[in-house]
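Data file: work_18.json. Format and content: JSON, C-alpha atoms.
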[["chain", "number", "residue", "atom", "x", "y", "z"],
["A", 1, "MET", "CA", 0.00, 0.00, 0.00],
["A", 2, "ASN", "CA", 1.25, 3.47, -0.92],
["A", 3, "SER", "CA", 0.12, 6.28, 1.38],
["A", 4, "ASN", "CA", 0.08, 8.56, -1.66],
["A", 5, "THR", "CA", -2.56, 6.42, -3.38],
["A", 6, "ARG", "CA", -5.66, 8.53, -3.91],
["A", 7, "VAL", "CA", -8.95, 6.66, -3.60],
["A", 8, "THR", "CA", -12.39, 8.06, -4.39],
["A", 9, "VAL", "CA", -15.18, 6.10, -2.72],
["A", 10, "LEU", "CA", -18.34, 6.22, -4.84],
["A", 11, "MET", "CA", -21.48, 5.85, -2.74],
["A", 12, "GLY", "CA", -25.16, 6.73, -2.60],
["A", 13, "GLY", "CA", -26.38, 6.65, -6.16],
["A", 14, "ILE", "CA", -29.98, 6.76, -7.36],
["A", 15, "SER", "CA", -31.13, 3.17, -6.87],
["A", 16, "SER", "CA", -33.51, 1.74, -4.28],
["A", 17, "GLU", "CA", -30.41, 0.76, -2.28],
["A", 18, "ARG", "CA", -29.10, 4.31, -1.86],
["A", 19, "GLU", "CA", -29.14, 4.33, 1.95],
["A", 20, "VAL", "CA", -27.32, 1.00, 2.17],
["A", 21, "SER", "CA", -24.70, 2.30, -0.26],
["A", 22, "LEU", "CA", -24.16, 5.45, 1.80],
["A", 23, "SER", "CA", -23.57, 3.29, 4.87],
["A", 24, "SER", "CA", -21.22, 0.98, 2.94],
["A", 25, "GLY", "CA", -19.29, 3.90, 1.48],
["A", 26, "LYS", "CA", -18.81, 5.65, 4.80],
["A", 27, "GLY", "CA", -17.48, 2.48, 6.39],
["A", 28, "VAL", "CA", -15.14, 1.82, 3.46],
["A", 29, "ALA", "CA", -13.83, 5.41, 3.46],
["A", 30, "ASP", "CA", -13.05, 5.29, 7.18],
["A", 31, "ALA", "CA", -11.38, 1.88, 6.83],
["A", 32, "LEU", "CA", -9.18, 3.02, 3.94],
["A", 33, "ARG", "CA", -8.13, 6.14, 5.82],
["A", 34, "SER", "CA", -7.14, 3.99, 8.78],
["A", 35, "ALA", "CA", -5.04, 1.90, 6.38],
["A", 36, "GLY", "CA", -3.18, 4.99, 5.18],
["A", 37, "TYR", "CA", -4.87, 5.80, 1.87],
["A", 38, "THR", "CA", -5.76, 9.34, 0.82],
["A", 39, "VAL", "CA", -9.54, 9.13, 0.53],
["A", 40, "SER", "CA", -12.26, 11.31, -1.00],
["A", 41, "GLU", "CA", -15.97, 10.53, -0.78],
["A", 42, "LEU", "CA", -18.34, 11.16, -3.67],
["A", 43, "ASP", "CA", -22.11, 10.78, -3.73],
["A", 44, "ALA", "CA", -23.00, 9.60, -7.23],
["A", 45, "GLY", "CA", -26.26, 11.47, -7.76],
["A", 46, "ALA", "CA", -28.42, 11.93, -10.83],
["A", 47, "ASP", "CA", -26.18, 14.67, -12.30],
["A", 48, "LEU", "CA", -23.92, 12.60, -14.54],
["A", 49, "ALA", "CA", -21.97, 15.62, -15.82],
["A", 50, "GLY", "CA", -21.37, 16.69, -12.23],
["A", 51, "LEU", "CA", -20.16, 13.20, -11.34],
["A", 52, "VAL", "CA", -17.66, 13.18, -14.20],
["A", 53, "ALA", "CA", -16.50, 16.71, -13.28],
["A", 54, "SER", "CA", -15.97, 15.69, -9.63],
["A", 55, "LEU", "CA", -13.97, 12.62, -10.60],
["A", 56, "THR", "CA", -11.88, 14.72, -12.97],
["A", 57, "GLU", "CA", -11.22, 17.24, -10.20],
["A", 58, "GLN", "CA", -10.35, 14.62, -7.57],
["A", 59, "LYS", "CA", -7.99, 12.74, -9.93],
["A", 60, "PRO", "CA", -8.15, 9.41, -8.04],
["A", 61, "ASP", "CA", -5.64, 6.66, -8.71],
["A", 62, "VAL", "CA", -8.48, 4.20, -8.14],
["A", 63, "VAL", "CA", -12.21, 4.35, -7.52],
["A", 64, "PHE", "CA", -13.75, 2.19, -4.81],
["A", 65, "ASN", "CA", -17.22, 1.38, -6.07],
["A", 66, "ALA", "CA", -19.48, 1.17, -3.03],
["A", 67, "LEU", "CA", -22.66, 1.65, -5.06],
["A", 68, "HIS", "CA", -25.44, -0.94, -4.88],
["A", 69, "GLY", "CA", -28.37, -1.67, -7.14],
["A", 70, "ARG", "CA", -29.20, -0.28, -10.57],
["A", 71, "PHE", "CA", -26.68, 2.06, -12.18],
["A", 72, "GLY", "CA", -24.11, 1.03, -9.57],
["A", 73, "GLU", "CA", -23.65, -2.69, -10.11],
["A", 74, "ASP", "CA", -25.23, -3.27, -13.50],
["A", 75, "GLY", "CA", -22.37, -2.06, -15.71],
["A", 76, "CYS", "CA", -23.48, 1.57, -16.01],
["A", 77, "ILE", "CA", -21.00, 3.25, -13.67],
["A", 78, "GLN", "CA", -18.38, 0.71, -14.73],
["A", 79, "GLY", "CA", -18.75, 1.90, -18.34],
["A", 80, "ILE", "CA", -18.29, 5.53, -17.29],
["A", 81, "LEU", "CA", -15.16, 4.68, -15.32],
["A", 82, "GLU", "CA", -13.80, 2.67, -18.26],
["A", 83, "TRP", "CA", -14.41, 5.67, -20.53],
["A", 84, "MET", "CA", -12.53, 7.89, -18.06],
["A", 85, "ARG", "CA", -9.75, 5.29, -17.83],
["A", 86, "LEU", "CA", -10.05, 5.12, -14.07],
["A", 87, "PRO", "CA", -9.26, 1.81, -12.34],
["A", 88, "TYR", "CA", -12.12, 0.67, -10.11],
["A", 89, "THR", "CA", -12.88, -2.10, -7.64],
["A", 90, "HIS", "CA", -15.04, -5.15, -8.20],
["A", 91, "SER", "CA", -16.26, -6.52, -11.52],
["A", 92, "GLY", "CA", -16.16, -4.96, -14.97],
["A", 93, "VAL", "CA", -18.92, -3.95, -17.35],
["A", 94, "ARG", "CA", -19.83, -7.35, -18.77],
["A", 95, "ALA", "CA", -19.76, -9.35, -15.52],
["A", 96, "SER", "CA", -21.66, -6.62, -13.66],
["A", 97, "ALA", "CA", -24.37, -6.34, -16.30],
["A", 98, "THR", "CA", -24.78, -10.10, -16.63],
["A", 99, "ALA", "CA", -24.93, -10.78, -12.89],
["A", 100, "MET", "CA", -27.47, -8.00, -12.34],
["A", 101, "ASP", "CA", -29.76, -9.38, -15.05],
["A", 102, "LYS", "CA", -31.20, -12.46, -13.36],
["A", 103, "ALA", "CA", -32.30, -14.06, -16.63],
["A", 104, "ALA", "CA", -28.87, -13.57, -18.22],
["A", 105, "ALA", "CA", -27.13, -14.87, -15.10],
["A", 106, "ARG", "CA", -29.35, -17.97, -15.10],
["A", 107, "ALA", "CA", -28.32, -18.66, -18.68],
["A", 108, "VAL", "CA", -24.64, -18.42, -17.74],
["A", 109, "PHE", "CA", -25.09, -20.70, -14.73],
["A", 110, "LEU", "CA", -26.98, -23.28, -16.76],
["A", 111, "SER", "CA", -24.31, -23.18, -19.47],
["A", 112, "ALA", "CA", -21.66, -23.76, -16.80],
["A", 113, "GLY", "CA", -23.59, -26.71, -15.37],
["A", 114, "LEU", "CA", -24.37, -24.98, -12.08],
["A", 115, "PRO", "CA", -27.58, -25.84, -10.17],
["A", 116, "VAL", "CA", -30.42, -23.33, -10.45],
["A", 117, "ALA", "CA", -34.11, -23.48, -9.57],
["A", 118, "ASN", "CA", -36.73, -24.29, -12.17],
["A", 119, "GLY", "CA", -38.04, -21.00, -13.46],
["A", 120, "LYS", "CA", -38.80, -18.68, -16.36],
["A", 121, "VAL", "CA", -39.26, -15.04, -17.32],
["A", 122, "ILE", "CA", -42.87, -13.88, -17.65],
["A", 123, "SER", "CA", -44.70, -10.65, -18.34],
["A", 124, "ILE", "CA", -46.53, -8.98, -15.48],
["A", 125, "GLU", "CA", -49.73, -9.43, -17.49],
["A", 126, "GLU", "CA", -49.24, -13.19, -17.31],
["A", 127, "LEU", "CA", -48.86, -12.99, -13.54],
["A", 128, "ALA", "CA", -52.06, -10.95, -13.32],
["A", 129, "GLU", "CA", -54.02, -13.59, -15.23],
["A", 130, "ALA", "CA", -52.93, -16.78, -13.47],
["A", 131, "ASP", "CA", -50.26, -18.55, -11.47],
["A", 132, "PRO", "CA", -47.36, -19.07, -13.91],
["A", 133, "MET", "CA", -46.27, -22.24, -12.12],
["A", 134, "PRO", "CA", -47.48, -24.37, -9.21],
["A", 135, "ALA", "CA", -47.25, -22.67, -5.81],
["A", 136, "PRO", "CA", -45.16, -22.09, -3.87],
["A", 137, "TYR", "CA", -43.06, -19.95, -6.19],
["A", 138, "VAL", "CA", -40.95, -16.80, -5.97],
["A", 139, "VAL", "CA", -41.45, -13.61, -7.99],
["A", 140, "LYS", "CA", -38.31, -11.53, -8.56],
["A", 141, "PRO", "CA", -37.52, -8.30, -10.44],
["A", 142, "LEU", "CA", -35.04, -8.96, -13.24],
["A", 143, "SER", "CA", -32.61, -6.20, -12.27],
["A", 144, "GLU", "CA", -32.78, -5.37, -8.57],
["A", 145, "GLY", "CA", -30.54, -6.40, -5.71],
["A", 146, "SER", "CA", -30.83, -6.95, -1.94],
["A", 147, "SER", "CA", -34.12, -8.84, -2.34],
["A", 148, "VAL", "CA", -35.88, -5.62, -3.36],
["A", 149, "GLY", "CA", -39.30, -6.49, -4.83],
["A", 150, "VAL", "CA", -39.03, -10.23, -4.10],
["A", 151, "SER", "CA", -42.24, -11.99, -3.05],
["A", 152, "ILE", "CA", -43.25, -15.58, -2.28],
["A", 153, "VAL", "CA", -46.61, -16.86, -3.52],
["A", 154, "ARG", "CA", -47.74, -19.78, -1.41],
["A", 155, "LYS", "CA", -50.52, -22.24, -2.09],
["A", 156, "GLY", "CA", -53.88, -20.82, -1.06],
["A", 157, "SER", "CA", -52.51, -17.30, -0.55],
["A", 158, "ASN", "CA", -54.14, -14.25, -2.07],
["A", 159, "VAL", "CA", -51.06, -12.12, -2.71],
["A", 160, "ARG", "CA", -50.66, -12.35, -6.49],
["A", 161, "ALA", "CA", -53.00, -9.45, -7.27],
["A", 162, "GLY", "CA", -51.21, -7.27, -4.73],
["A", 163, "ILE", "CA", -47.82, -8.08, -6.24],
["A", 164, "VAL", "CA", -49.07, -7.03, -9.68],
["A", 165, "GLU", "CA", -50.74, -3.86, -8.37],
["A", 166, "ASN", "CA", -47.57, -2.70, -6.58],
["A", 167, "TRP", "CA", -45.10, -3.82, -9.24],
["A", 168, "HIS", "CA", -42.79, -1.06, -10.52],
["A", 169, "TYR", "CA", -39.76, -3.04, -11.63],
["A", 170, "GLY", "CA", -40.37, -3.20, -15.38],
["A", 171, "THR", "CA", -42.65, -5.18, -17.66],
["A", 172, "HIS", "CA", -41.28, -8.64, -16.85],
["A", 173, "ALA", "CA", -40.35, -10.73, -13.83],
["A", 174, "LEU", "CA", -38.49, -13.93, -13.07],
["A", 175, "VAL", "CA", -40.54, -16.66, -11.41],
["A", 176, "GLU", "CA", -38.83, -19.65, -9.81],
["A", 177, "GLU", "CA", -39.92, -22.60, -7.73],
["A", 178, "PHE", "CA", -39.63, -21.93, -4.01],
["A", 179, "ILE", "CA", -36.84, -23.98, -2.48],
["A", 180, "PRO", "CA", -37.52, -24.92, 1.16],
["A", 181, "GLY", "CA", -34.75, -25.23, 3.70],
["A", 182, "ARG", "CA", -32.17, -22.66, 4.65],
["A", 183, "GLU", "CA", -30.32, -19.76, 3.06],
["A", 184, "ILE", "CA", -26.54, -19.90, 2.90],
["A", 185, "THR", "CA", -24.04, -17.53, 1.36],
["A", 186, "ILE", "CA", -20.37, -17.66, 0.41],
["A", 187, "GLY", "CA", -17.97, -14.79, -0.21],
["A", 188, "VAL", "CA", -15.29, -15.13, -2.88],
["A", 189, "LEU", "CA", -12.06, -13.13, -3.05],
["A", 190, "GLY", "CA", -10.35, -13.68, -6.38],
["A", 191, "ASP", "CA", -10.29, -17.46, -6.73],
["A", 192, "ARG", "CA", -10.78, -18.17, -3.02],
["A", 193, "ALA", "CA", -14.03, -19.03, -1.28],
["A", 194, "LEU", "CA", -14.06, -17.70, 2.29],
["A", 195, "THR", "CA", -16.57, -19.74, 4.29],
["A", 196, "VAL", "CA", -20.25, -20.65, 4.44],
["A", 197, "THR", "CA", -22.66, -18.50, 6.43],
["A", 198, "ASP", "CA", -26.07, -19.86, 7.44],
["A", 199, "ILE", "CA", -28.60, -17.02, 7.53],
["A", 200, "THR", "CA", -31.72, -17.18, 9.66],
["A", 201, "PRO", "CA", -34.06, -14.17, 9.41],
["A", 202, "THR", "CA", -35.34, -12.95, 12.77],
["A", 203, "PRO", "CA", -39.07, -13.75, 13.04],
["A", 204, "ALA", "CA", -41.18, -10.70, 12.22],
["A", 205, "GLU", "CA", -44.69, -10.07, 11.01],
["A", 206, "GLY", "CA", -44.84, -10.47, 7.25],
["A", 207, "ARG", "CA", -41.27, -11.77, 6.94],
["A", 208, "ASP", "CA", -40.64, -15.35, 5.89],
["A", 209, "PHE", "CA", -37.38, -15.07, 3.96],
["A", 210, "TYR", "CA", -34.12, -13.10, 3.86],
["A", 211, "ASP", "CA", -35.66, -9.82, 2.69],
["A", 212, "TYR", "CA", -34.26, -6.26, 2.62],
["A", 213, "ASP", "CA", -34.92, -5.57, 6.30],
["A", 214, "ALA", "CA", -33.40, -8.89, 7.34],
["A", 215, "LYS", "CA", -30.29, -8.02, 5.34],
["A", 216, "TYR", "CA", -29.66, -4.51, 6.59],
["A", 217, "LYS", "CA", -31.50, -3.74, 9.83],
["A", 218, "ALA", "CA", -29.72, -4.47, 13.07],
["A", 219, "GLY", "CA", -31.10, -7.70, 14.50],
["A", 220, "GLY", "CA", -32.81, -8.56, 11.22],
["A", 221, "SER", "CA", -31.10, -11.93, 10.95],
["A", 222, "ALA", "CA", -28.75, -14.30, 12.73],
["A", 223, "HIS", "CA", -25.54, -15.32, 10.97],
["A", 224, "VAL", "CA", -23.87, -18.62, 11.83],
["A", 225, "LEU", "CA", -20.40, -19.13, 10.41],
["A", 226, "PRO", "CA", -19.10, -21.50, 9.54],
["A", 227, "ALA", "CA", -22.54, -22.95, 8.84],
["A", 228, "ASN", "CA", -23.42, -26.13, 10.70],
["A", 229, "ILE", "CA", -23.85, -28.24, 7.58],
["A", 230, "ASP", "CA", -22.30, -31.39, 6.17],
["A", 231, "ALA", "CA", -18.63, -30.82, 5.26],
["A", 232, "ASP", "CA", -19.05, -32.27, 1.76],
["A", 233, "ILE", "CA", -22.02, -29.98, 1.07],
["A", 234, "ALA", "CA", -20.06, -26.99, 2.36],
["A", 235, "LYS", "CA", -17.15, -27.81, 0.04],
["A", 236, "LYS", "CA", -19.49, -28.29, -2.90],
["A", 237, "ALA", "CA", -21.14, -24.93, -2.22],
["A", 238, "CYS", "CA", -17.72, -23.22, -2.04],
["A", 239, "ASP", "CA", -16.70, -24.82, -5.32],
["A", 240, "ILE", "CA", -19.93, -23.65, -6.97],
["A", 241, "ALA", "CA", -19.42, -20.10, -5.64],
["A", 242, "VAL", "CA", -15.94, -19.92, -7.18],
["A", 243, "ALA", "CA", -17.21, -21.49, -10.43],
["A", 244, "ALA", "CA", -20.05, -18.95, -10.63],
["A", 245, "HIS", "CA", -17.60, -16.08, -9.98],
["A", 246, "GLN", "CA", -15.43, -17.35, -12.82],
["A", 247, "ALA", "CA", -18.30, -18.15, -15.21],
["A", 248, "LEU", "CA", -19.54, -14.57, -14.98],
["A", 249, "GLY", "CA", -16.02, -13.17, -15.30],
["A", 250, "CYS", "CA", -16.13, -11.43, -11.92],
["A", 251, "ALA", "CA", -13.14, -9.59, -10.47],
["A", 252, "GLY", "CA", -12.22, -8.73, -6.88],
["A", 253, "ALA", "CA", -14.96, -9.85, -4.52],
["A", 254, "SER", "CA", -18.35, -11.46, -5.06],
["A", 255, "ARG", "CA", -20.89, -13.24, -2.89],
["A", 256, "SER", "CA", -23.01, -16.19, -3.99],
["A", 257, "ASP", "CA", -26.36, -16.88, -2.36],
["A", 258, "PHE", "CA", -27.85, -20.38, -2.18],
["A", 259, "ARG", "CA", -30.83, -22.30, -0.92],
["A", 260, "LEU", "CA", -30.00, -25.58, 0.79],
["A", 261, "ASP", "CA", -32.96, -27.93, 0.90],
["A", 262, "ASP", "CA", -32.19, -30.46, 3.61],
["A", 263, "THR", "CA", -35.81, -30.83, 4.72],
["A", 264, "GLY", "CA", -36.51, -34.25, 3.24],
["A", 265, "ASP", "CA", -35.22, -37.77, 3.75],
["A", 266, "GLY", "CA", -33.22, -37.85, 0.51],
["A", 267, "PRO", "CA", -29.95, -36.13, -0.41],
["A", 268, "ALA", "CA", -29.72, -32.41, 0.31],
["A", 269, "ARG", "CA", -30.38, -30.15, -2.68],
["A", 270, "LEU", "CA", -28.13, -27.14, -3.28],
["A", 271, "ILE", "CA", -29.48, -24.33, -5.51],
["A", 272, "LEU", "CA", -27.55, -21.24, -6.63],
["A", 273, "LEU", "CA", -29.77, -18.17, -6.41],
["A", 274, "GLU", "CA", -27.55, -15.33, -7.56],
["A", 275, "VAL", "CA", -24.08, -13.80, -7.52],
["A", 276, "ASN", "CA", -23.66, -10.33, -6.01],
["A", 277, "THR", "CA", -20.83, -8.46, -7.72],
["A", 278, "GLN", "CA", -21.08, -5.57, -5.21],
["A", 279, "PRO", "CA", -21.47, -7.33, -1.85],
["A", 280, "GLY", "CA", -22.63, -5.11, 0.98],
["A", 281, "MET", "CA", -19.92, -3.49, 3.10],
["A", 282, "THR", "CA", -22.04, -2.28, 6.04],
["A", 283, "ALA", "CA", -21.50, -3.23, 9.67],
["A", 284, "THR", "CA", -24.00, -6.09, 9.30],
["A", 285, "SER", "CA", -22.79, -7.23, 5.87],
["A", 286, "LEU", "CA", -21.83, -10.79, 5.18],
["A", 287, "LEU", "CA", -18.60, -10.42, 3.20],
["A", 288, "PRO", "CA", -16.69, -8.43, 5.86],
["A", 289, "GLU", "CA", -17.99, -10.86, 8.47],
["A", 290, "GLN", "CA", -16.65, -13.84, 6.54],
["A", 291, "ALA", "CA", -13.34, -12.11, 5.84],
["A", 292, "ALA", "CA", -12.92, -11.42, 9.56],
["A", 293, "TYR", "CA", -13.57, -15.08, 10.31],
["A", 294, "CYS", "CA", -10.74, -15.92, 7.87],
["A", 295, "GLY", "CA", -8.40, -13.48, 9.60],
["A", 296, "ILE", "CA", -8.83, -10.56, 7.19],
["A", 297, "SER", "CA", -9.71, -7.33, 8.98],
["A", 298, "TYR", "CA", -12.16, -4.84, 7.50],
["A", 299, "PRO", "CA", -9.40, -2.32, 6.56],
["A", 300, "GLU", "CA", -7.37, -5.18, 5.06],
["A", 301, "LEU", "CA", -10.35, -6.30, 2.99],
["A", 302, "CYS", "CA", -10.95, -2.77, 1.67],
["A", 303, "GLY", "CA", -7.25, -2.35, 0.95],
["A", 304, "TRP", "CA", -7.10, -5.70, -0.86],
["A", 305, "LEU", "CA", -9.91, -4.59, -3.16],
["A", 306, "VAL", "CA", -8.10, -1.33, -3.91],
["A", 307, "GLU", "CA", -4.82, -3.10, -4.67],
["A", 308, "GLN", "CA", -6.57, -5.66, -6.87],
["A", 309, "ALA", "CA", -8.11, -2.82, -8.88],
["A", 310, "LEU", "CA", -4.81, -0.98, -9.21],
["A", 311, "HIS", "CA", -2.94, -4.01, -10.49],
["A", 312, "ARG", "CA", -5.64, -5.52, -12.70],
["A", 313, "PRO", "CA", -4.38, -6.18, -16.26]]
Spit out the file's structure as structure tokens when you get a sec.
Amino acid sequence: MNSNTRVTVLMGGISSEREVSLSSGKGVADALRSAGYTVSELDAGADLAGLVASLTEQKPDVVFNALHGRFGEDGCIQGILEWMRLPYTHSGVRASATAMDKAAARAVFLSAGLPVANGKVISIEELAEADPMPAPYVVKPLSEGSSVGVSIVRKGSNVRAGIVENWHYGTHALVEEFIPGREITIGVLGDRALTVTDITPTPAEGRDFYDYDAKYKAGGSAHVLPANIDADIAKKACDIAVAAHQALGCAGASRSDFRLDDTGDGPARLILLEVNTQPGMTATSLLPEQAAYCGISYPELCGWLVEQALHRP
């Protein structure tokens, strides 16, 4: 690490995950300062010309991308930084855009032979007319992160009309079979899987899965790491996480989310849900927690991401 290295931390943005990004960015900026970097903070608002002007004025050696959601992890900001010839953390344009598009990511995972849930892309009109598949099933926006807009339709429930009425995530959605069991997640740094975290959402009215509040509100979920699961399953999940990272062409850090169905008498079923190319970096985030378990402090993790960006071919 060079104390003269100038880092601009991009945070905020204009997505539904703005507040989480601001929290991530503030934590990252403080951590990098403690590690000796020269740090500037920049809220990436809706004024694109202003954003470019600010980056030009700050003249960073590297940009730490702490943005989440649309425009921050879907290839948009990555394209701007490429155009400005500024090195930046995390994945590039193609990997970011593909991972953020759930349908495109599914196609990559299937091509790579990775396990995904049965599902398909439908129009919202189709969802309004009838159940697109047997319940229970999950309805997901195609290009949102942090479980924003995700709903579960269970047999006998009356929620489908409400989902359609309140839908503002585009004209189409991804529907997938609901996988019972538990949620696990695995962080990847480069070509290394960290560990497996078992996530249990704290019981709350209206919450039955790892939703936005469970992810980011204090006390929203309990994290057990390493997860108390069969060692062979844990290794398989780690291998899949690294394979998914590589199949998408990710760089730096990613985090793969899974469902582990161990509710029946037969073999456990492991399903890859998605790969996050911009894992959360808040105090309750999973990647820093896993890194700490592996002996990597929060400032070391942030510094590693900066150095990876600086020395990327």
Please list as a ChimeraX atom specification every residue within 6 Å of stretch 299-311 of chain A, counting only C-alpha atoms and excluding residues in the same chain fewer than 6 positions away.
/A:31-32,87-89
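When atom CA of A:Arg94 is paired with atom CA of A:Leu110, their separation reads 17.6 Å.
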Spatial neighbours of A:Leu287, max dist 9 Å, all atoms listed in the file, sep filter under 5 positions, as JSON, numbers by chain
{"A": [186, 187, 188, 194, 253, 254, 255, 279, 280, 281, 292]}
Interatomic distance, atom CA of A:Val52 to atom CA of A:His68 (Å, one decimal)
18.6 Å
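Between A:Ala234 and the residues A:Ser151, A:Thr8, A:Ser256, A:Leu270, the shortest atom-to-atom distance, using only C-alpha atoms, involves A:Leu270.
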Pick out the residues sitting within 7 Å of A:Ala44, and hand them over as a PyMOL selection string; count only C-alpha atoms, and ignore anything fewer than 3 positions along from it in its own chain.
chain A and resi 10-13+51
Since the input has fewer atoms than a full residue there, write stretch 251-266 of chain A out with N, CA, C and O atoms, as a short mmCIF file (atom, residue, chain, number, x, y, z; two decimals), keeping the file's coordinate frame.
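Below is the file that was written, part_31.cif:
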data_model
loop_
_atom_site.label_atom_id
_atom_site.label_comp_id
_atom_site.auth_asym_id
_atom_site.auth_seq_id
_atom_site.Cartn_x
_atom_site.Cartn_y
_atom_site.Cartn_z
N ALA A 251 -14.45 -9.97 -10.96
CA ALA A 251 -13.14 -9.59 -10.47
C ALA A 251 -13.29 -9.10 -9.03
O ALA A 251 -14.36 -8.66 -8.61
N GLY A 252 -12.19 -9.19 -8.27
CA GLY A 252 -12.22 -8.73 -6.88
C GLY A 252 -13.07 -9.65 -6.03
O GLY A 252 -12.79 -10.84 -5.92
N ALA A 253 -14.11 -9.10 -5.44
CA ALA A 253 -14.96 -9.85 -4.52
C ALA A 253 -16.34 -10.08 -5.12
O ALA A 253 -16.85 -9.27 -5.89
N SER A 254 -16.94 -11.20 -4.77
CA SER A 254 -18.35 -11.46 -5.06
C SER A 254 -18.92 -12.25 -3.90
O SER A 254 -18.20 -12.69 -3.01
N ARG A 255 -20.24 -12.41 -3.91
CA ARG A 255 -20.89 -13.24 -2.89
C ARG A 255 -22.01 -14.02 -3.55
O ARG A 255 -22.86 -13.43 -4.21
N SER A 256 -21.98 -15.33 -3.39
CA SER A 256 -23.01 -16.19 -3.99
C SER A 256 -24.01 -16.63 -2.93
O SER A 256 -23.62 -17.08 -1.84
N ASP A 257 -25.28 -16.50 -3.26
CA ASP A 257 -26.36 -16.88 -2.36
C ASP A 257 -27.00 -18.19 -2.84
O ASP A 257 -27.21 -18.37 -4.04
N PHE A 258 -27.30 -19.06 -1.88
CA PHE A 258 -27.85 -20.38 -2.18
C PHE A 258 -29.07 -20.67 -1.32
O PHE A 258 -29.24 -20.09 -0.24
N ARG A 259 -29.87 -21.62 -1.78
CA ARG A 259 -30.83 -22.30 -0.92
C ARG A 259 -30.34 -23.73 -0.75
O ARG A 259 -29.93 -24.37 -1.72
N LEU A 260 -30.38 -24.20 0.47
CA LEU A 260 -30.00 -25.58 0.79
C LEU A 260 -31.23 -26.29 1.32
O LEU A 260 -31.69 -26.02 2.43
N ASP A 261 -31.77 -27.17 0.50
CA ASP A 261 -32.96 -27.93 0.90
C ASP A 261 -32.52 -29.23 1.54
O ASP A 261 -32.19 -30.20 0.84
N ASP A 262 -32.52 -29.25 2.86
CA ASP A 262 -32.19 -30.46 3.61
C ASP A 262 -33.38 -30.88 4.46
O ASP A 262 -33.23 -31.44 5.55
N THR A 263 -34.59 -30.59 3.94
CA THR A 263 -35.81 -30.83 4.72
C THR A 263 -36.36 -32.23 4.54
O THR A 263 -37.20 -32.66 5.32
N GLY A 264 -35.95 -32.93 3.50
CA GLY A 264 -36.51 -34.25 3.24
C GLY A 264 -35.60 -35.38 3.71
O GLY A 264 -34.57 -35.17 4.36
N ASP A 265 -36.00 -36.59 3.36
CA ASP A 265 -35.22 -37.77 3.75
C ASP A 265 -34.10 -38.08 2.76
O ASP A 265 -33.16 -38.80 3.08
N GLY A 266 -34.21 -37.56 1.54
CA GLY A 266 -33.22 -37.85 0.51
C GLY A 266 -32.01 -36.94 0.62
O GLY A 266 -31.84 -36.20 1.59
#
